[in-house]
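A.B. asks: Following this line is start.cif, made up of mmCIF, C-alpha atoms:
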```
data_entry
#
loop_
_atom_site.label_atom_id
_atom_site.label_comp_id
_atom_site.auth_asym_id
_atom_site.auth_seq_id
_atom_site.Cartn_x
_atom_site.Cartn_y
_atom_site.Cartn_z
CA MET J 1 82.89 -64.57 -0.98
CA ASN J 2 80.36 -63.57 1.64
CA SER J 3 80.29 -60.08 0.21
CA ASN J 4 79.43 -61.36 -3.27
CA ALA J 5 76.74 -63.62 -1.87
CA ASP J 6 75.18 -60.74 0.03
CA MET J 7 75.18 -58.58 -3.08
CA ASN J 8 73.55 -61.31 -5.14
CA SER J 9 70.95 -61.78 -2.43
CA ASN J 10 70.19 -58.05 -2.39
CA VAL J 11 69.91 -58.01 -6.17
CA ASP J 12 67.43 -60.88 -6.05
CA VAL J 13 65.38 -59.05 -3.44
CA LEU J 14 65.34 -55.91 -5.55
CA ARG J 15 64.36 -57.90 -8.63
CA ASN J 16 61.47 -59.47 -6.74
CA LYS J 17 60.35 -56.07 -5.53
CA LEU J 18 60.54 -54.66 -9.06
CA GLN J 19 58.53 -57.58 -10.38
CA ASN J 20 55.92 -57.05 -7.68
CA ILE J 21 55.80 -53.35 -8.53
CA ARG J 22 55.41 -54.16 -12.24
CA ARG J 23 52.61 -56.62 -11.46
CA SER J 24 50.90 -54.02 -9.28
CA GLN J 25 51.27 -51.44 -12.04
CA GLU J 26 49.81 -53.90 -14.53
CA LYS J 27 46.85 -54.52 -12.25
CA LEU J 28 46.36 -50.79 -11.85
CA LYS J 29 46.49 -50.32 -15.62
CA ASN J 30 43.92 -53.07 -16.08
CA SER J 31 41.69 -51.59 -13.38
CA PHE J 32 42.07 -48.13 -14.89
CA ALA J 33 41.21 -49.49 -18.32
CA GLU J 34 38.11 -51.19 -16.92
CA ILE J 35 37.06 -47.97 -15.20
CA GLN J 36 37.55 -46.04 -18.45
CA THR J 37 35.47 -48.61 -20.31
CA GLU J 38 32.70 -48.36 -17.74
CA LEU J 39 32.84 -44.57 -17.84
CA ARG J 40 32.61 -44.60 -21.64
CA ALA J 41 29.56 -46.85 -21.33
CA VAL J 42 27.98 -44.70 -18.60
CA LYS J 43 28.61 -41.35 -20.30
CA PRO J 44 26.04 -41.84 -23.11
CA ARG J 45 23.46 -42.89 -20.53
CA MET J 46 24.27 -39.81 -18.45
CA ASN J 47 23.98 -37.59 -21.53
CA ASN J 48 20.69 -39.25 -22.40
CA ALA J 49 19.43 -38.78 -18.84
CA GLU J 50 20.48 -35.12 -18.87
CA GLN J 51 18.69 -34.66 -22.19
CA ARG J 52 15.55 -36.29 -20.83
CA ILE J 53 15.71 -34.16 -17.68
CA GLY J 54 16.08 -31.07 -19.85
CA ASP J 55 13.10 -32.13 -21.97
CA VAL J 56 11.02 -32.71 -18.84
CA GLU J 57 12.00 -29.31 -17.44
CA ASP J 58 11.06 -27.66 -20.75
CA ARG J 59 7.72 -29.49 -20.72
CA ILE J 60 7.06 -28.42 -17.13
CA MET J 61 7.81 -24.83 -18.12
CA GLU J 62 5.42 -25.08 -21.08
CA ILE J 63 2.70 -26.59 -18.89
CA THR J 64 3.24 -23.90 -16.25
CA GLN J 65 3.03 -21.12 -18.83
CA THR J 66 -0.01 -22.70 -20.47
CA GLY J 67 -1.66 -23.14 -17.07
CA GLN J 68 -1.00 -19.51 -16.20
CA GLN J 69 -2.41 -18.38 -19.54
CA THR J 70 -5.46 -20.60 -19.06
CA GLU J 71 -5.98 -19.26 -15.54
CA ASN J 72 -5.72 -15.68 -16.79
CA GLN J 73 -8.20 -16.42 -19.57
CA MET J 74 -10.60 -18.06 -17.10
CA LYS J 75 -10.39 -15.04 -14.79
CA LYS J 76 -11.02 -12.75 -17.74
CA HIS J 77 -14.03 -14.82 -18.83
CA GLU J 78 -15.35 -14.86 -15.25
CA ARG J 79 -15.07 -11.07 -15.07
CA ASN J 80 -16.82 -10.69 -18.43
CA ILE J 81 -19.58 -13.09 -17.40
CA GLY J 82 -19.94 -11.34 -14.04
CA GLU J 83 -20.19 -7.94 -15.70
CA LEU J 84 -22.67 -9.24 -18.26
CA TRP J 85 -24.73 -10.94 -15.53
CA ASP J 86 -24.74 -7.79 -13.40
CA ASN J 87 -25.79 -5.71 -16.39
CA ILE J 88 -28.65 -8.10 -17.05
CA LYS J 89 -29.76 -8.22 -13.42
CA GLN J 90 -29.04 -4.72 -12.15
CA ALA J 91 -32.28 -3.22 -13.50
CA LYS J 92 -34.42 -5.91 -11.85
CA LEU J 93 -36.57 -5.36 -8.80
CA HIS J 94 -37.80 -8.08 -6.43
CA ILE J 95 -41.26 -7.84 -4.89
CA ILE J 96 -41.35 -10.19 -1.91
CA GLY J 97 -44.47 -11.32 -0.08
CA ILE J 98 -47.23 -11.12 -2.72
CA PRO J 99 -49.51 -14.16 -2.17
CA GLU J 100 -49.44 -16.88 -4.81
CA GLY J 101 -52.18 -16.65 -7.43
CA GLU J 102 -52.63 -12.90 -7.09
CA GLU J 103 -51.46 -12.48 -10.69
CA LYS J 104 -54.26 -14.71 -12.02
CA ASP J 105 -56.77 -11.87 -11.92
CA LYS J 106 -54.36 -9.12 -12.95
CA GLN J 107 -50.96 -8.90 -14.55
CA ILE J 108 -47.83 -8.48 -12.46
CA GLU J 109 -47.28 -5.05 -14.04
CA ASN J 110 -50.69 -3.94 -12.71
CA ILE J 111 -49.84 -5.23 -9.23
CA PHE J 112 -46.59 -3.27 -9.43
CA GLU J 113 -48.48 -0.09 -10.39
CA GLU J 114 -50.87 -0.57 -7.45
CA ILE J 115 -47.92 -0.95 -5.07
CA ILE J 116 -46.35 2.27 -6.35
CA ALA J 117 -49.62 4.21 -6.19
CA GLY J 118 -50.58 2.90 -2.75
CA ASN J 119 -47.22 3.34 -1.06
CA PHE J 120 -45.37 6.11 -2.87
CA PRO J 121 -47.77 8.96 -3.76
CA ASN J 122 -44.88 11.14 -4.91
CA LEU J 123 -43.98 8.50 -7.53
CA LYS J 124 -47.45 7.50 -8.74
CA ASP J 125 -47.40 9.98 -11.62
CA THR J 126 -43.96 8.81 -12.74
CA ASP J 127 -44.07 6.91 -16.01
CA PHE J 128 -42.10 3.84 -14.96
CA LYS J 129 -41.49 1.54 -17.90
CA THR J 130 -41.07 -2.19 -17.36
CA GLN J 131 -39.56 -4.61 -19.85
CA GLU J 132 -40.70 -7.91 -18.36
CA SER J 133 -42.13 -9.45 -15.22
CA GLN J 134 -42.41 -12.95 -13.79
CA ARG J 135 -42.48 -15.12 -10.71
CA ALA J 136 -39.22 -16.78 -9.72
CA PRO J 137 -38.65 -19.65 -9.72
CA ASN J 138 -41.06 -20.50 -12.53
CA LYS J 139 -42.52 -23.61 -10.88
CA VAL J 140 -44.39 -23.61 -7.59
CA ASN J 141 -42.81 -25.69 -4.84
CA PRO J 142 -45.59 -26.97 -2.54
CA ASN J 143 -43.06 -27.29 0.28
CA ARG J 144 -42.00 -23.66 0.01
CA PRO J 145 -43.38 -21.79 3.07
CA THR J 146 -43.29 -18.37 1.42
CA PRO J 147 -44.64 -17.13 -1.93
CA ARG J 148 -42.28 -16.87 -4.85
CA HIS J 149 -40.75 -13.51 -5.61
CA MET J 150 -42.16 -11.31 -8.32
CA ILE J 151 -39.37 -9.90 -10.47
CA ILE J 152 -39.83 -6.70 -12.43
CA LYS J 153 -37.21 -5.74 -15.00
CA MET J 154 -37.17 -1.98 -15.26
CA ALA J 155 -36.27 -0.19 -18.47
CA LYS J 156 -34.00 2.16 -16.53
CA VAL J 157 -31.71 1.39 -13.61
CA ASN J 158 -32.37 4.86 -12.17
CA ASP J 159 -36.09 4.05 -11.86
CA LYS J 160 -35.27 0.97 -9.81
CA GLU J 161 -32.98 3.02 -7.55
CA ARG J 162 -35.68 5.68 -7.02
CA ILE J 163 -38.23 3.05 -5.99
CA LEU J 164 -35.80 1.32 -3.62
CA LYS J 165 -34.85 4.65 -2.06
CA ALA J 166 -38.52 5.50 -1.51
CA ALA J 167 -39.09 2.05 0.05
CA ARG J 168 -36.17 2.53 2.44
CA GLU J 169 -37.46 5.93 3.49
CA LYS J 170 -41.01 4.66 4.01
CA GLN J 171 -39.73 1.53 5.81
CA SER J 172 -43.16 -0.15 5.69
CA VAL J 173 -44.56 -1.21 2.30
CA ASN J 174 -47.93 -2.97 1.93
CA TYR J 175 -50.12 -4.56 -0.70
CA LYS J 176 -53.81 -4.94 0.20
CA GLY J 177 -52.84 -4.68 3.86
CA THR J 178 -50.16 -7.37 3.59
CA PRO J 179 -46.58 -6.29 4.42
CA ILE J 180 -44.26 -6.81 1.47
CA ARG J 181 -40.66 -5.96 0.69
CA LEU J 182 -38.92 -4.45 -2.33
CA ALA J 183 -35.34 -5.49 -2.95
CA ALA J 184 -32.66 -5.30 -5.61
CA ASP J 185 -31.73 -8.38 -7.61
CA PHE J 186 -28.11 -8.84 -6.57
CA SER J 187 -25.41 -10.82 -8.32
CA THR J 188 -24.32 -14.18 -6.92
CA GLU J 189 -21.15 -12.67 -5.42
CA THR J 190 -23.09 -9.96 -3.59
CA LEU J 191 -25.60 -12.45 -2.21
CA GLN J 192 -22.79 -14.70 -1.02
CA ALA J 193 -21.04 -11.79 0.69
CA ARG J 194 -24.32 -10.75 2.32
CA ARG J 195 -24.88 -14.30 3.64
CA GLU J 196 -21.35 -14.39 5.03
CA TRP J 197 -21.82 -11.06 6.81
CA GLN J 198 -25.17 -12.22 8.18
CA GLU J 199 -23.45 -15.27 9.68
CA ILE J 200 -20.84 -12.99 11.25
CA PHE J 201 -23.52 -10.70 12.69
CA LYS J 202 -25.39 -13.71 14.09
CA ALA J 203 -22.22 -14.99 15.74
CA LEU J 204 -21.44 -11.57 17.22
CA LYS J 205 -25.02 -11.17 18.42
CA GLY J 206 -24.97 -14.61 20.03
CA LYS J 207 -21.69 -13.83 21.75
CA LYS J 208 -23.14 -10.54 23.04
CA TYR J 209 -26.12 -12.29 24.63
CA ALA J 210 -23.90 -15.05 25.97
CA THR J 211 -21.69 -12.62 27.90
#
```
Here is the file; what I need is its structure written in the form of structure tokens.

C.D. replies:
Amino acid sequence: MNSNADMNSNVDVLRNKLQNIRRSQEKLKNSFAEIQTELRAVKPRMNNAEQRIGDVEDRIMEITQTGQQTENQMKKHERNIGELWDNIKQAKLHIIGIPEGEEKDKQIENIFEEIIAGNFPNLKDTDFKTQESQRAPNKVNPNRPTPRHMIIKMAKVNDKERILKAAREKQSVNYKGTPIRLAADFSTETLQARREWQEIFKALKGKKYAT
């Protein structure tokens, strides 16, 4: 009798365990089904997000390529403008130090001829041709301590170079007893580089005297 009772008790225990296992399995199935449902809902959003990310990356690539092309075009235009500007300016000669109003009685070209004849006898018989001449800037600034430059545009670059070479060799150039200077009309980049080097030389000179 006791043996049968023990067996029945064990069977009941096993049945309870099986039922618990089945309930646990059912819960797991339900949880798994919920997870699958959530994943199915999330997947389209993930695909959409991936598509949007891909579109953004493509757009960034297009913008980068366009920006690079634009930068290259800008550099090309800057070079072309620089070359054109240098070609326009390279035949020009600056006359620095001529008093204001001197050109009222005679044209700037005549003043230029007097400077050549009075300072460079070996060049006075040279037929230098000028294309235009003017003061720069056009308007007089009453606060400007020095006279405006006279600018002569030579017909030939070689003529300008010959005059500048003669001025460097003579070192002292005058007009009616007043010291003047002849200089080339440099491009903006050259003037900027010259200013930067002048600042460096000043700093080095100051350091030399300070030591």

A.B. asks: Could you check which of J:Thr178, J:Gln107, J:Gln90, J:Thr146 is closest to Glu161 (chain J), using only C-alpha atoms?

C.D. replies: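 Counting only C-alpha atoms, the residue closest to Glu161 (chain J) is J:Gln90.
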
A.B. asks: If the PyMOL selection byres ((chain J and resi 115-126) around 10) is run on the structure shown, which residues does it catch, given as a list of chain:residue names?

C.D. replies: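 Applying the PyMOL selection byres ((chain J and resi 115-126) around 10) to the structure shown produces J:Ile95, J:Glu109, J:Asn110, J:Ile111, J:Phe112, J:Glu113, J:Glu114, J:Asp127, J:Phe128, J:Lys129, J:Asp159, J:Arg162, J:Ile163, J:Ala166, J:Ala167, J:Lys170, J:Ser172, J:Val173, J:Asn174, J:Tyr175, J:Lys176, J:Ile180.
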
A.B. asks: Export C-alpha atoms of the chosen residues as a short mmCIF file (atom, residue, chain, number, x, y, z; two decimals), in the frame of the given file?

C.D. replies:
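Below is the file again_37.cif, written as the result:
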```cif
data_model
loop_
_atom_site.label_atom_id
_atom_site.label_comp_id
_atom_site.auth_asym_id
_atom_site.auth_seq_id
_atom_site.Cartn_x
_atom_site.Cartn_y
_atom_site.Cartn_z
CA ILE J 95 -41.26 -7.84 -4.89
CA GLU J 109 -47.28 -5.05 -14.04
CA ASN J 110 -50.69 -3.94 -12.71
CA ILE J 111 -49.84 -5.23 -9.23
CA PHE J 112 -46.59 -3.27 -9.43
CA GLU J 113 -48.48 -0.09 -10.39
CA GLU J 114 -50.87 -0.57 -7.45
CA ASP J 127 -44.07 6.91 -16.01
CA PHE J 128 -42.10 3.84 -14.96
CA LYS J 129 -41.49 1.54 -17.90
CA ASP J 159 -36.09 4.05 -11.86
CA ARG J 162 -35.68 5.68 -7.02
CA ILE J 163 -38.23 3.05 -5.99
CA ALA J 166 -38.52 5.50 -1.51
CA ALA J 167 -39.09 2.05 0.05
CA LYS J 170 -41.01 4.66 4.01
CA SER J 172 -43.16 -0.15 5.69
CA VAL J 173 -44.56 -1.21 2.30
CA ASN J 174 -47.93 -2.97 1.93
CA TYR J 175 -50.12 -4.56 -0.70
CA LYS J 176 -53.81 -4.94 0.20
CA ILE J 180 -44.26 -6.81 1.47
#
```

A.B. asks: What does the distance between CA of Ala91 (chain J) and CA of Lys75 (chain J) come to in Å, to one decimal place?

C.D. replies: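 Answer for the CA of Ala91 (chain J) to CA of Lys75 (chain J) separation: 24.9 Å.
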
A.B. asks: Calculate how many Å separate CA of Ala184 (chain J) from CA of Lys106 (chain J), rounding to one decimal.

C.D. replies: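 Computing the Euclidean distance for CA of Ala184 (chain J) and CA of Lys106 (chain J) yields 23.2 Å.
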
A.B. asks: Take the PyMOL selection byres ((chain J and resi 147) around 10), run it mentally on this structure, and tell me the resulting residues as a PyMOL selection string.

C.D. replies: chain J and resi 96-101+135-136+140-142+144-146+148-150

A.B. asks: Just give me the gap between CA of Lys139 (chain J) and CA of Met154 (chain J) in Å, one decimal is fine.

C.D. replies: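 Between CA of Lys139 (chain J) and CA of Met154 (chain J) the gap is 22.7 Å.
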
A.B. asks: Measuring between all atoms listed in the file, which one of J:Glu38, J:Gln73, J:Ile152, J:Asn143 shows the shortest distance to Ile108 (chain J)?

C.D. replies: J:Ile152

A.B. asks: Generate a file for region 18-47 of chain J, containing C-alpha atoms, as a compact mmCIF listing (two decimals), in the first residue's frame.

C.D. replies:
```txt
# COMPACT_ATOMS: atom_id res chain seq x y z
CA LEU J 18 5.66 18.99 -16.45
CA GLN J 19 2.84 21.49 -16.15
CA ASN J 20 5.26 24.11 -14.84
CA ILE J 21 7.63 23.35 -17.71
CA ARG J 22 4.77 23.65 -20.22
CA ARG J 23 3.69 26.96 -18.70
CA SER J 24 7.28 28.21 -18.84
CA GLN J 25 7.54 27.09 -22.46
CA GLU J 26 4.29 28.87 -23.25
CA LYS J 27 5.59 32.05 -21.65
CA LEU J 28 8.81 31.73 -23.62
CA LYS J 29 6.84 31.23 -26.84
CA ASN J 30 4.75 34.30 -26.08
CA SER J 31 7.85 36.34 -25.25
CA PHE J 32 9.57 35.11 -28.40
CA ALA J 33 6.51 36.00 -30.46
CA GLU J 34 6.46 39.48 -28.94
CA ILE J 35 10.16 39.92 -29.69
CA GLN J 36 9.60 38.79 -33.29
CA THR J 37 6.72 41.24 -33.63
CA GLU J 38 8.86 44.07 -32.29
CA LEU J 39 11.73 43.10 -34.58
CA ARG J 40 9.40 43.05 -37.58
CA ALA J 41 8.24 46.54 -36.60
CA VAL J 42 11.80 47.79 -36.02
CA LYS J 43 13.28 46.32 -39.21
CA PRO J 44 11.50 48.73 -41.62
CA ARG J 45 12.60 51.65 -39.47
CA MET J 46 16.18 50.34 -39.50
CA ASN J 47 16.05 49.91 -43.27
```
